[in-house]
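Coordinates as given in data_26.txt (compact mmCIF, N, CA and C atoms):
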# COMPACT_ATOMS: atom_id res chain seq x y z
N MET A 71 16.59 5.61 5.58
CA MET A 71 15.79 6.48 6.41
C MET A 71 14.47 5.76 6.71
N SER A 72 14.04 5.83 7.95
CA SER A 72 12.81 5.14 8.35
C SER A 72 11.58 5.82 7.75
N GLU A 73 10.50 5.07 7.67
CA GLU A 73 9.23 5.60 7.14
C GLU A 73 8.76 6.79 7.99
N GLU A 74 8.90 6.66 9.29
CA GLU A 74 8.49 7.74 10.20
C GLU A 74 9.28 9.02 9.93
N ARG A 75 10.58 8.88 9.74
CA ARG A 75 11.44 10.03 9.45
C ARG A 75 11.09 10.65 8.09
N GLN A 76 10.79 9.80 7.10
CA GLN A 76 10.40 10.30 5.78
C GLN A 76 9.12 11.13 5.88
N LEU A 77 8.14 10.64 6.65
CA LEU A 77 6.88 11.38 6.80
C LEU A 77 7.10 12.69 7.56
N GLN A 78 8.00 12.68 8.53
CA GLN A 78 8.32 13.90 9.26
C GLN A 78 8.95 14.93 8.33
N LYS A 79 9.89 14.50 7.50
CA LYS A 79 10.53 15.40 6.53
C LYS A 79 9.52 15.91 5.51
N MET A 80 8.62 15.02 5.08
CA MET A 80 7.58 15.42 4.13
C MET A 80 6.66 16.47 4.75
N THR A 81 6.29 16.28 6.01
CA THR A 81 5.46 17.26 6.72
C THR A 81 6.16 18.60 6.80
N GLU A 82 7.45 18.59 7.08
CA GLU A 82 8.23 19.83 7.15
C GLU A 82 8.29 20.52 5.79
N SER A 83 8.55 19.75 4.73
CA SER A 83 8.68 20.39 3.41
C SER A 83 7.33 20.84 2.85
N ALA A 84 6.24 20.21 3.28
CA ALA A 84 4.90 20.61 2.81
C ALA A 84 4.23 21.58 3.78
N GLY A 85 4.92 21.94 4.84
CA GLY A 85 4.34 22.77 5.89
C GLY A 85 3.68 24.05 5.40
N LEU A 86 4.22 24.64 4.36
CA LEU A 86 3.65 25.86 3.80
C LEU A 86 2.23 25.64 3.29
N PHE A 87 1.92 24.42 2.86
CA PHE A 87 0.64 24.12 2.23
C PHE A 87 -0.36 23.44 3.17
N LEU A 88 0.14 22.95 4.31
CA LEU A 88 -0.73 22.26 5.26
C LEU A 88 -1.40 23.24 6.20
N GLU A 89 -2.54 22.84 6.74
CA GLU A 89 -3.19 23.65 7.76
C GLU A 89 -2.46 23.45 9.08
N ARG A 90 -2.60 24.42 9.95
CA ARG A 90 -1.93 24.39 11.24
C ARG A 90 -2.24 23.09 11.99
N GLY A 91 -1.20 22.43 12.47
CA GLY A 91 -1.36 21.22 13.26
C GLY A 91 -1.47 19.93 12.46
N GLU A 92 -1.51 20.01 11.13
CA GLU A 92 -1.61 18.81 10.32
C GLU A 92 -0.24 18.15 10.17
N THR A 93 -0.24 16.82 10.16
CA THR A 93 0.97 16.06 9.86
C THR A 93 0.61 15.01 8.82
N ILE A 94 1.55 14.72 7.97
CA ILE A 94 1.32 13.74 6.91
C ILE A 94 1.44 12.34 7.51
N ARG A 95 0.41 11.54 7.31
CA ARG A 95 0.37 10.17 7.84
C ARG A 95 0.79 9.14 6.80
N ALA A 96 0.64 9.45 5.53
CA ALA A 96 1.07 8.56 4.45
C ALA A 96 1.24 9.39 3.19
N ALA A 97 2.22 9.01 2.36
CA ALA A 97 2.47 9.73 1.11
C ALA A 97 2.99 8.76 0.06
N ALA A 98 2.66 9.05 -1.21
CA ALA A 98 3.15 8.27 -2.34
C ALA A 98 3.55 9.23 -3.44
N TRP A 99 4.63 8.90 -4.13
CA TRP A 99 5.18 9.76 -5.17
C TRP A 99 5.05 9.10 -6.52
N GLY A 100 5.00 9.93 -7.57
CA GLY A 100 4.99 9.41 -8.93
C GLY A 100 4.79 10.51 -9.94
N PRO A 101 4.91 10.17 -11.22
CA PRO A 101 4.69 11.16 -12.29
C PRO A 101 3.21 11.46 -12.47
N SER A 102 2.93 12.54 -13.17
CA SER A 102 1.54 12.96 -13.36
C SER A 102 0.80 12.14 -14.40
N SER A 103 1.52 11.39 -15.25
CA SER A 103 0.85 10.57 -16.27
C SER A 103 1.74 9.41 -16.71
N GLU A 104 1.11 8.42 -17.33
CA GLU A 104 1.87 7.29 -17.88
C GLU A 104 2.80 7.75 -19.00
N PHE A 105 2.33 8.70 -19.79
CA PHE A 105 3.13 9.23 -20.89
C PHE A 105 4.45 9.79 -20.36
N GLY A 106 4.35 10.58 -19.30
CA GLY A 106 5.56 11.13 -18.69
C GLY A 106 6.45 10.05 -18.12
N TYR A 107 5.83 9.03 -17.56
CA TYR A 107 6.59 7.92 -17.00
C TYR A 107 7.37 7.19 -18.08
N LEU A 108 6.71 6.91 -19.21
CA LEU A 108 7.36 6.17 -20.29
C LEU A 108 8.49 6.97 -20.95
N LEU A 109 8.28 8.28 -21.09
CA LEU A 109 9.28 9.12 -21.74
C LEU A 109 10.29 9.73 -20.78
N GLY A 110 10.00 9.63 -19.50
CA GLY A 110 10.90 10.21 -18.51
C GLY A 110 10.83 11.72 -18.45
N VAL A 111 9.69 12.28 -18.81
CA VAL A 111 9.50 13.73 -18.76
C VAL A 111 8.23 14.06 -17.99
N GLY A 112 8.02 15.31 -17.73
CA GLY A 112 6.80 15.75 -17.06
C GLY A 112 7.03 16.00 -15.58
N SER A 113 6.02 16.55 -14.96
CA SER A 113 6.13 16.88 -13.54
C SER A 113 5.72 15.70 -12.68
N GLY A 114 6.07 15.78 -11.43
CA GLY A 114 5.73 14.74 -10.48
C GLY A 114 4.51 15.13 -9.67
N ARG A 115 3.98 14.15 -8.97
CA ARG A 115 2.85 14.35 -8.06
C ARG A 115 3.17 13.64 -6.76
N ILE A 116 2.65 14.17 -5.69
CA ILE A 116 2.74 13.54 -4.38
C ILE A 116 1.33 13.51 -3.81
N ALA A 117 0.84 12.32 -3.53
CA ALA A 117 -0.46 12.17 -2.86
C ALA A 117 -0.16 11.99 -1.38
N ALA A 118 -0.85 12.73 -0.54
CA ALA A 118 -0.60 12.66 0.90
C ALA A 118 -1.90 12.78 1.67
N VAL A 119 -1.96 12.08 2.78
CA VAL A 119 -3.14 12.15 3.64
C VAL A 119 -2.69 12.62 5.02
N THR A 120 -3.48 13.54 5.59
CA THR A 120 -3.26 14.02 6.95
C THR A 120 -4.47 13.60 7.79
N GLU A 121 -4.55 14.13 8.98
CA GLU A 121 -5.68 13.81 9.84
C GLU A 121 -7.00 14.32 9.27
N ARG A 122 -6.95 15.40 8.48
CA ARG A 122 -8.18 16.05 8.01
C ARG A 122 -8.33 16.14 6.50
N HIS A 123 -7.24 16.03 5.75
CA HIS A 123 -7.30 16.27 4.31
C HIS A 123 -6.52 15.25 3.49
N LEU A 124 -6.95 15.13 2.23
CA LEU A 124 -6.18 14.44 1.19
C LEU A 124 -5.60 15.53 0.31
N TYR A 125 -4.32 15.46 0.05
CA TYR A 125 -3.66 16.45 -0.80
C TYR A 125 -3.06 15.75 -2.01
N VAL A 126 -3.02 16.48 -3.12
CA VAL A 126 -2.18 16.11 -4.26
C VAL A 126 -1.31 17.32 -4.50
N PHE A 127 0.00 17.12 -4.31
CA PHE A 127 0.96 18.20 -4.49
C PHE A 127 1.64 18.08 -5.83
N GLU A 128 2.04 19.23 -6.38
CA GLU A 128 2.88 19.25 -7.57
C GLU A 128 4.32 19.18 -7.09
N SER A 129 5.15 18.48 -7.86
CA SER A 129 6.55 18.31 -7.50
C SER A 129 7.39 18.31 -8.77
N PRO A 130 8.59 18.89 -8.71
CA PRO A 130 9.43 18.90 -9.91
C PRO A 130 10.03 17.53 -10.22
N LEU A 131 10.07 16.65 -9.24
CA LEU A 131 10.67 15.33 -9.41
C LEU A 131 9.66 14.25 -9.07
N TRP A 132 9.97 13.00 -9.42
CA TRP A 132 9.06 11.89 -9.15
C TRP A 132 9.41 11.12 -7.89
N GLY A 133 10.61 11.23 -7.42
CA GLY A 133 11.08 10.35 -6.35
C GLY A 133 10.75 10.81 -4.94
N ARG A 134 11.11 9.96 -3.99
CA ARG A 134 10.82 10.23 -2.57
C ARG A 134 11.45 11.50 -2.08
N MET A 135 12.57 11.87 -2.65
CA MET A 135 13.28 13.04 -2.15
C MET A 135 12.71 14.35 -2.70
N SER A 136 11.73 14.27 -3.57
CA SER A 136 11.16 15.50 -4.13
C SER A 136 10.31 16.21 -3.08
N ARG A 137 10.22 17.50 -3.25
CA ARG A 137 9.47 18.34 -2.30
C ARG A 137 8.30 18.99 -3.02
N PRO A 138 7.21 19.17 -2.32
CA PRO A 138 6.06 19.82 -2.95
C PRO A 138 6.36 21.28 -3.29
N ARG A 139 5.87 21.71 -4.45
CA ARG A 139 6.03 23.12 -4.79
C ARG A 139 4.68 23.81 -4.99
N GLY A 140 3.61 23.07 -4.82
CA GLY A 140 2.27 23.64 -4.93
C GLY A 140 1.21 22.59 -4.69
N VAL A 141 0.00 23.05 -4.43
CA VAL A 141 -1.12 22.15 -4.19
C VAL A 141 -1.94 22.05 -5.48
N VAL A 142 -2.10 20.84 -5.98
CA VAL A 142 -2.92 20.59 -7.15
C VAL A 142 -4.37 20.37 -6.71
N ALA A 143 -4.55 19.65 -5.59
CA ALA A 143 -5.90 19.38 -5.08
C ALA A 143 -5.83 19.20 -3.56
N LYS A 144 -6.88 19.66 -2.90
CA LYS A 144 -7.01 19.50 -1.46
C LYS A 144 -8.46 19.17 -1.18
N HIS A 145 -8.70 18.04 -0.49
CA HIS A 145 -10.05 17.60 -0.19
C HIS A 145 -10.17 17.22 1.28
N THR A 146 -11.26 17.55 1.89
CA THR A 146 -11.56 17.09 3.24
C THR A 146 -11.75 15.58 3.19
N ILE A 147 -11.25 14.89 4.18
CA ILE A 147 -11.40 13.44 4.25
C ILE A 147 -12.88 13.08 4.15
N GLY A 148 -13.17 12.12 3.31
CA GLY A 148 -14.54 11.65 3.14
C GLY A 148 -15.35 12.43 2.11
N SER A 149 -14.79 13.52 1.57
CA SER A 149 -15.56 14.33 0.62
C SER A 149 -15.25 13.98 -0.83
N VAL A 150 -14.30 13.09 -1.06
CA VAL A 150 -13.89 12.77 -2.42
C VAL A 150 -13.58 11.27 -2.52
N ARG A 151 -13.80 10.75 -3.69
CA ARG A 151 -13.50 9.34 -3.93
C ARG A 151 -12.02 9.19 -4.25
N ILE A 152 -11.40 8.18 -3.65
CA ILE A 152 -10.01 7.87 -3.95
C ILE A 152 -9.96 6.42 -4.40
N ARG A 153 -9.24 6.19 -5.52
CA ARG A 153 -9.22 4.85 -6.11
C ARG A 153 -7.85 4.54 -6.67
N LEU A 154 -7.37 3.33 -6.38
CA LEU A 154 -6.12 2.85 -6.93
C LEU A 154 -6.44 1.73 -7.91
N SER A 155 -6.07 1.92 -9.17
CA SER A 155 -6.36 0.94 -10.20
C SER A 155 -5.15 0.81 -11.11
N GLY A 156 -4.53 -0.35 -11.10
CA GLY A 156 -3.31 -0.52 -11.88
C GLY A 156 -2.23 0.41 -11.38
N TRP A 157 -1.67 1.20 -12.27
CA TRP A 157 -0.65 2.18 -11.89
C TRP A 157 -1.27 3.49 -11.43
N ALA A 158 -2.54 3.71 -11.69
CA ALA A 158 -3.16 5.02 -11.49
C ALA A 158 -3.80 5.16 -10.11
N LEU A 159 -3.51 6.27 -9.48
CA LEU A 159 -4.17 6.65 -8.24
C LEU A 159 -5.03 7.86 -8.57
N ARG A 160 -6.32 7.75 -8.30
CA ARG A 160 -7.24 8.85 -8.57
C ARG A 160 -7.74 9.42 -7.26
N VAL A 161 -7.59 10.72 -7.11
CA VAL A 161 -8.12 11.45 -5.96
C VAL A 161 -9.07 12.48 -6.56
N GLY A 162 -10.37 12.18 -6.50
CA GLY A 162 -11.34 13.04 -7.17
C GLY A 162 -11.07 13.05 -8.66
N ASP A 163 -10.90 14.25 -9.24
CA ASP A 163 -10.63 14.39 -10.67
C ASP A 163 -9.13 14.31 -11.00
N GLU A 164 -8.30 14.32 -9.99
CA GLU A 164 -6.85 14.26 -10.23
C GLU A 164 -6.39 12.82 -10.37
N ARG A 165 -5.40 12.65 -11.20
CA ARG A 165 -4.88 11.32 -11.49
C ARG A 165 -3.37 11.40 -11.51
N MET A 166 -2.74 10.39 -10.95
CA MET A 166 -1.28 10.31 -11.00
C MET A 166 -0.88 8.84 -11.14
N VAL A 167 0.32 8.62 -11.61
CA VAL A 167 0.86 7.28 -11.73
C VAL A 167 1.68 7.01 -10.47
N VAL A 168 1.49 5.84 -9.89
CA VAL A 168 2.21 5.48 -8.67
C VAL A 168 3.32 4.51 -9.03
N HIS A 169 4.53 4.81 -8.59
CA HIS A 169 5.64 3.88 -8.79
C HIS A 169 5.25 2.53 -8.19
N LEU A 170 5.70 1.47 -8.81
CA LEU A 170 5.36 0.13 -8.33
C LEU A 170 5.74 -0.07 -6.87
N HIS A 171 6.89 0.46 -6.45
CA HIS A 171 7.30 0.30 -5.07
C HIS A 171 6.58 1.26 -4.12
N HIS A 172 5.68 2.09 -4.64
CA HIS A 172 4.87 2.98 -3.79
C HIS A 172 3.41 2.54 -3.73
N ARG A 173 3.08 1.41 -4.36
CA ARG A 173 1.69 0.95 -4.34
C ARG A 173 1.20 0.66 -2.93
N GLY A 174 2.05 0.12 -2.09
CA GLY A 174 1.67 -0.12 -0.69
C GLY A 174 1.33 1.18 0.01
N ARG A 175 2.11 2.22 -0.27
CA ARG A 175 1.82 3.53 0.32
C ARG A 175 0.52 4.09 -0.22
N ALA A 176 0.28 3.89 -1.51
CA ALA A 176 -0.97 4.37 -2.11
C ALA A 176 -2.17 3.65 -1.50
N ARG A 177 -2.03 2.35 -1.28
CA ARG A 177 -3.11 1.59 -0.62
C ARG A 177 -3.34 2.11 0.79
N ARG A 178 -2.27 2.47 1.48
CA ARG A 178 -2.40 3.01 2.84
C ARG A 178 -3.13 4.36 2.82
N ILE A 179 -2.84 5.20 1.83
CA ILE A 179 -3.54 6.47 1.70
C ILE A 179 -5.03 6.22 1.53
N ALA A 180 -5.38 5.31 0.63
CA ALA A 180 -6.79 4.99 0.39
C ALA A 180 -7.45 4.43 1.65
N ALA A 181 -6.74 3.57 2.37
CA ALA A 181 -7.30 2.97 3.59
C ALA A 181 -7.50 4.02 4.67
N LEU A 182 -6.51 4.90 4.86
CA LEU A 182 -6.65 5.94 5.87
C LEU A 182 -7.81 6.87 5.53
N ALA A 183 -7.95 7.22 4.25
CA ALA A 183 -9.05 8.09 3.84
C ALA A 183 -10.39 7.41 4.11
N ALA A 184 -10.48 6.12 3.83
CA ALA A 184 -11.73 5.39 4.07
C ALA A 184 -12.00 5.25 5.56
N ASP A 185 -10.97 4.91 6.34
CA ASP A 185 -11.15 4.75 7.78
C ASP A 185 -11.57 6.05 8.45
N MET A 186 -10.93 7.15 8.05
CA MET A 186 -11.22 8.41 8.71
C MET A 186 -12.54 9.02 8.27
N SER A 187 -13.11 8.52 7.18
CA SER A 187 -14.37 9.08 6.72
C SER A 187 -15.56 8.45 7.44
N ARG A 188 -15.31 7.36 8.18
CA ARG A 188 -16.39 6.74 8.96
C ARG A 188 -16.43 7.36 10.34
N PRO A 189 -17.62 7.70 10.85
CA PRO A 189 -17.72 8.36 12.16
C PRO A 189 -17.08 7.56 13.29
N GLU A 190 -17.17 6.23 13.26
CA GLU A 190 -16.63 5.44 14.37
C GLU A 190 -15.11 5.44 14.42
N SER A 191 -14.45 5.90 13.36
CA SER A 191 -12.99 5.92 13.35
C SER A 191 -12.43 7.22 13.91
N MET A 192 -13.27 8.20 14.13
CA MET A 192 -12.81 9.49 14.63
C MET A 192 -12.80 9.48 16.16
N PRO A 193 -11.90 10.23 16.77
CA PRO A 193 -11.92 10.33 18.22
C PRO A 193 -13.23 10.95 18.68
N PRO A 194 -13.71 10.60 19.87
CA PRO A 194 -15.01 11.10 20.35
C PRO A 194 -15.13 12.63 20.33
N THR A 195 -14.02 13.33 20.58
CA THR A 195 -14.09 14.79 20.60
C THR A 195 -14.32 15.39 19.23
N ALA A 196 -14.00 14.63 18.16
CA ALA A 196 -14.15 15.15 16.81
C ALA A 196 -15.49 14.77 16.18
N ARG A 197 -16.23 13.86 16.84
CA ARG A 197 -17.51 13.41 16.28
C ARG A 197 -18.61 14.40 16.58
N ARG A 198 -19.53 14.45 15.64
CA ARG A 198 -20.78 15.21 15.86
C ARG A 198 -21.88 14.20 16.10
N ASP A 199 -22.51 14.28 17.22
CA ASP A 199 -23.63 13.38 17.48
C ASP A 199 -24.88 13.99 16.88
N GLY A 200 -25.60 13.18 16.13
CA GLY A 200 -26.75 13.69 15.40
C GLY A 200 -27.97 13.30 16.06

Could I get this file's structure written as structure tokens?
Amino acid sequence: MSEERQLQKMTESAGLFLERGETIRAAAWGPSSEFGYLLGVGSGRIAAVTERHLYVFESPLWGRMSRPRGVVAKHTIGSVRIRLSGWALRVGDERMVVHLHHRGRARRIAALAADMSRPESMPPTARRDG
């Protein structure tokens, strides 16, 4: 399945939790902690970025095919620090482990959040001139 199709399916399955008109631009999956990863137990997390928000969703599974079942955290773009360090992706106070093959996606989430938080990256209609 193509990346575009995966993001479309993710947007559909997370639609209940997204604001009207939002689409997921990047997403990464993984367990909620290293302990869960090592033991193969625990809940999953999905970090996702849309045009306006960073989300951390709760998921019963860790893999790409898992669907969000609740919102753990929701932040307006630019209002929270996002950091990828080793296996850990931190979005504000929330932390999740990113599968090694999802690190590129996690980097993309961080890059999109950084790009969209700068005024020059927003379309002219969305900017506030001060």

> Taking (-7.0, 18.6, 2.3) in the file's coordinates, which residues come within 8 Å, counting only C-alpha atoms, written as an MDAnalysis selection string?
Replying inline: chainID A and resid 88 119:120 122:125 143:147

Kindly export the residues of the current selection with N, CA and C atoms, as a PDB file, in the frame of the given file.
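The file below, out_24.pdb, is the result:
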ATOM      1  N   LEU A  88       0.140  22.950   4.310  1.00  0.00           N
ATOM      2  CA  LEU A  88      -0.730  22.260   5.260  1.00  0.00           C
ATOM      3  C   LEU A  88      -1.400  23.240   6.200  1.00  0.00           C
ATOM      4  N   VAL A 119      -1.960  12.080   2.780  1.00  0.00           N
ATOM      5  CA  VAL A 119      -3.140  12.150   3.640  1.00  0.00           C
ATOM      6  C   VAL A 119      -2.690  12.620   5.020  1.00  0.00           C
ATOM      7  N   THR A 120      -3.480  13.540   5.590  1.00  0.00           N
ATOM      8  CA  THR A 120      -3.260  14.020   6.950  1.00  0.00           C
ATOM      9  C   THR A 120      -4.470  13.600   7.790  1.00  0.00           C
ATOM     10  N   ARG A 122      -6.950  15.400   8.480  1.00  0.00           N
ATOM     11  CA  ARG A 122      -8.180  16.050   8.010  1.00  0.00           C
ATOM     12  C   ARG A 122      -8.330  16.140   6.500  1.00  0.00           C
ATOM     13  N   HIS A 123      -7.240  16.030   5.750  1.00  0.00           N
ATOM     14  CA  HIS A 123      -7.300  16.270   4.310  1.00  0.00           C
ATOM     15  C   HIS A 123      -6.520  15.250   3.490  1.00  0.00           C
ATOM     16  N   LEU A 124      -6.950  15.130   2.230  1.00  0.00           N
ATOM     17  CA  LEU A 124      -6.180  14.440   1.190  1.00  0.00           C
ATOM     18  C   LEU A 124      -5.600  15.530   0.310  1.00  0.00           C
ATOM     19  N   TYR A 125      -4.320  15.460   0.050  1.00  0.00           N
ATOM     20  CA  TYR A 125      -3.660  16.450  -0.800  1.00  0.00           C
ATOM     21  C   TYR A 125      -3.060  15.750  -2.010  1.00  0.00           C
ATOM     22  N   ALA A 143      -4.550  19.650  -5.590  1.00  0.00           N
ATOM     23  CA  ALA A 143      -5.900  19.380  -5.080  1.00  0.00           C
ATOM     24  C   ALA A 143      -5.830  19.200  -3.560  1.00  0.00           C
ATOM     25  N   LYS A 144      -6.880  19.660  -2.900  1.00  0.00           N
ATOM     26  CA  LYS A 144      -7.010  19.500  -1.460  1.00  0.00           C
ATOM     27  C   LYS A 144      -8.460  19.170  -1.180  1.00  0.00           C
ATOM     28  N   HIS A 145      -8.700  18.040  -0.490  1.00  0.00           N
ATOM     29  CA  HIS A 145     -10.050  17.600  -0.190  1.00  0.00           C
ATOM     30  C   HIS A 145     -10.170  17.220   1.280  1.00  0.00           C
ATOM     31  N   THR A 146     -11.260  17.550   1.890  1.00  0.00           N
ATOM     32  CA  THR A 146     -11.560  17.090   3.240  1.00  0.00           C
ATOM     33  C   THR A 146     -11.750  15.580   3.190  1.00  0.00           C
ATOM     34  N   ILE A 147     -11.250  14.890   4.180  1.00  0.00           N
ATOM     35  CA  ILE A 147     -11.400  13.440   4.250  1.00  0.00           C
ATOM     36  C   ILE A 147     -12.880  13.080   4.150  1.00  0.00           C
TER      37      ILE A 147
END

> With only C-alpha atoms as the atoms that count, which of A:His169, A:Arg90, A:Arg153, A:Lys79 lies nearest to Ala183 in chain A?
Replying inline: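 Selected residue with least distance to Ala183 in chain A: A:Arg153.
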
> Once you count only C-alpha atoms, which residues end up no further than 10 Å from (7.5, 17.2, 2.9) in the file's frame, shown as number ranges by chain?
Replying inline: A: 76-88, 93-94, 97, 116, 118, 127, 134-139

Give me a file of those residues, with N, CA and C atoms, as a CSV table (one decimal), keeping the file's coordinate frame.
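File written: again.csv
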chain,number,residue,atom,x,y,z
A,76,GLN,N,10.8,9.8,7.1
A,76,GLN,CA,10.4,10.3,5.8
A,76,GLN,C,9.1,11.1,5.9
A,77,LEU,N,8.1,10.6,6.6
A,77,LEU,CA,6.9,11.4,6.8
A,77,LEU,C,7.1,12.7,7.6
A,78,GLN,N,8.0,12.7,8.5
A,78,GLN,CA,8.3,13.9,9.3
A,78,GLN,C,9.0,14.9,8.3
A,79,LYS,N,9.9,14.5,7.5
A,79,LYS,CA,10.5,15.4,6.5
A,79,LYS,C,9.5,15.9,5.5
A,80,MET,N,8.6,15.0,5.1
A,80,MET,CA,7.6,15.4,4.1
A,80,MET,C,6.7,16.5,4.8
A,81,THR,N,6.3,16.3,6.0
A,81,THR,CA,5.5,17.3,6.7
A,81,THR,C,6.2,18.6,6.8
A,82,GLU,N,7.4,18.6,7.1
A,82,GLU,CA,8.2,19.8,7.2
A,82,GLU,C,8.3,20.5,5.8
A,83,SER,N,8.6,19.8,4.7
A,83,SER,CA,8.7,20.4,3.4
A,83,SER,C,7.3,20.8,2.8
A,84,ALA,N,6.2,20.2,3.3
A,84,ALA,CA,4.9,20.6,2.8
A,84,ALA,C,4.2,21.6,3.8
A,85,GLY,N,4.9,21.9,4.8
A,85,GLY,CA,4.3,22.8,5.9
A,85,GLY,C,3.7,24.0,5.4
A,86,LEU,N,4.2,24.6,4.4
A,86,LEU,CA,3.6,25.9,3.8
A,86,LEU,C,2.2,25.6,3.3
A,87,PHE,N,1.9,24.4,2.9
A,87,PHE,CA,0.6,24.1,2.2
A,87,PHE,C,-0.4,23.4,3.2
A,88,LEU,N,0.1,23.0,4.3
A,88,LEU,CA,-0.7,22.3,5.3
A,88,LEU,C,-1.4,23.2,6.2
A,93,THR,N,-0.2,16.8,10.2
A,93,THR,CA,1.0,16.1,9.9
A,93,THR,C,0.6,15.0,8.8
A,94,ILE,N,1.6,14.7,8.0
A,94,ILE,CA,1.3,13.7,6.9
A,94,ILE,C,1.4,12.3,7.5
A,97,ALA,N,2.2,9.0,2.4
A,97,ALA,CA,2.5,9.7,1.1
A,97,ALA,C,3.0,8.8,0.1
A,116,ILE,N,2.6,14.2,-5.7
A,116,ILE,CA,2.7,13.5,-4.4
A,116,ILE,C,1.3,13.5,-3.8
A,118,ALA,N,-0.8,12.7,-0.5
A,118,ALA,CA,-0.6,12.7,0.9
A,118,ALA,C,-1.9,12.8,1.7
A,127,PHE,N,0.0,17.1,-4.3
A,127,PHE,CA,1.0,18.2,-4.5
A,127,PHE,C,1.6,18.1,-5.8
A,134,ARG,N,11.1,10.0,-4.0
A,134,ARG,CA,10.8,10.2,-2.6
A,134,ARG,C,11.4,11.5,-2.1
A,135,MET,N,12.6,11.9,-2.6
A,135,MET,CA,13.3,13.0,-2.2
A,135,MET,C,12.7,14.4,-2.7
A,136,SER,N,11.7,14.3,-3.6
A,136,SER,CA,11.2,15.5,-4.1
A,136,SER,C,10.3,16.2,-3.1
A,137,ARG,N,10.2,17.5,-3.2
A,137,ARG,CA,9.5,18.3,-2.3
A,137,ARG,C,8.3,19.0,-3.0
A,138,PRO,N,7.2,19.2,-2.3
A,138,PRO,CA,6.1,19.8,-3.0
A,138,PRO,C,6.4,21.3,-3.3
A,139,ARG,N,5.9,21.7,-4.4
A,139,ARG,CA,6.0,23.1,-4.8
A,139,ARG,C,4.7,23.8,-5.0

> Between atom C of Ser129 in chain A and atom N of Val168 in chain A, what is the spacing in Å?
Replying inline: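 Calculated distance between atom N of Val168 in chain A and atom C of Ser129 in chain A is 13.8 Å.
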
>> Between CA of Leu159 in chain A and CA of Ala184 in chain A, what distance in Å does the model show, to one decimal?
In response: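 Interatomic distance here is 14.5 Å.
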
> What gap, in Å, lies between atom C of Gly156 in chain A and CA of Gly140 in chain A?
Replying inline: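 Those two atoms sit 24.5 Å apart.
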
>> For the structure I just gave you, how does DSSP split range 112-186 of chain A - specifically, which residues are strand (DSSP E)? Reply as a count of residues only.
In response: 32

Would you give the centre and edge lengths, in Å to one decimal, of a box along x, y and z around the listed atoms of range 161-170 of chain A, with 5 Å added to each side, as lines of an AutoDock Vina configuration file?
center_x = -2.8
center_y = 7.2
center_z = -8.8
size_x = 27.1
size_y = 24.5
size_z = 15.8

> From the list A:Gly114, A:Leu154, A:Pro130, A:Gly100, which residue is nearest Leu170 in chain A when using only N, CA and C atoms?
Replying inline: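 The shortest atom-to-atom distance to Leu170 in chain A comes from A:Gly100.
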
>> Need the shell around Arg175 in chain A: protein/DNA/RNA residues with any atom at most 9 Å away, counting only C-alpha atoms. Skip same-chain ones fewer than 6 positions apart. Format as a PyMOL selection string?
In response: chain A and resi 96-99
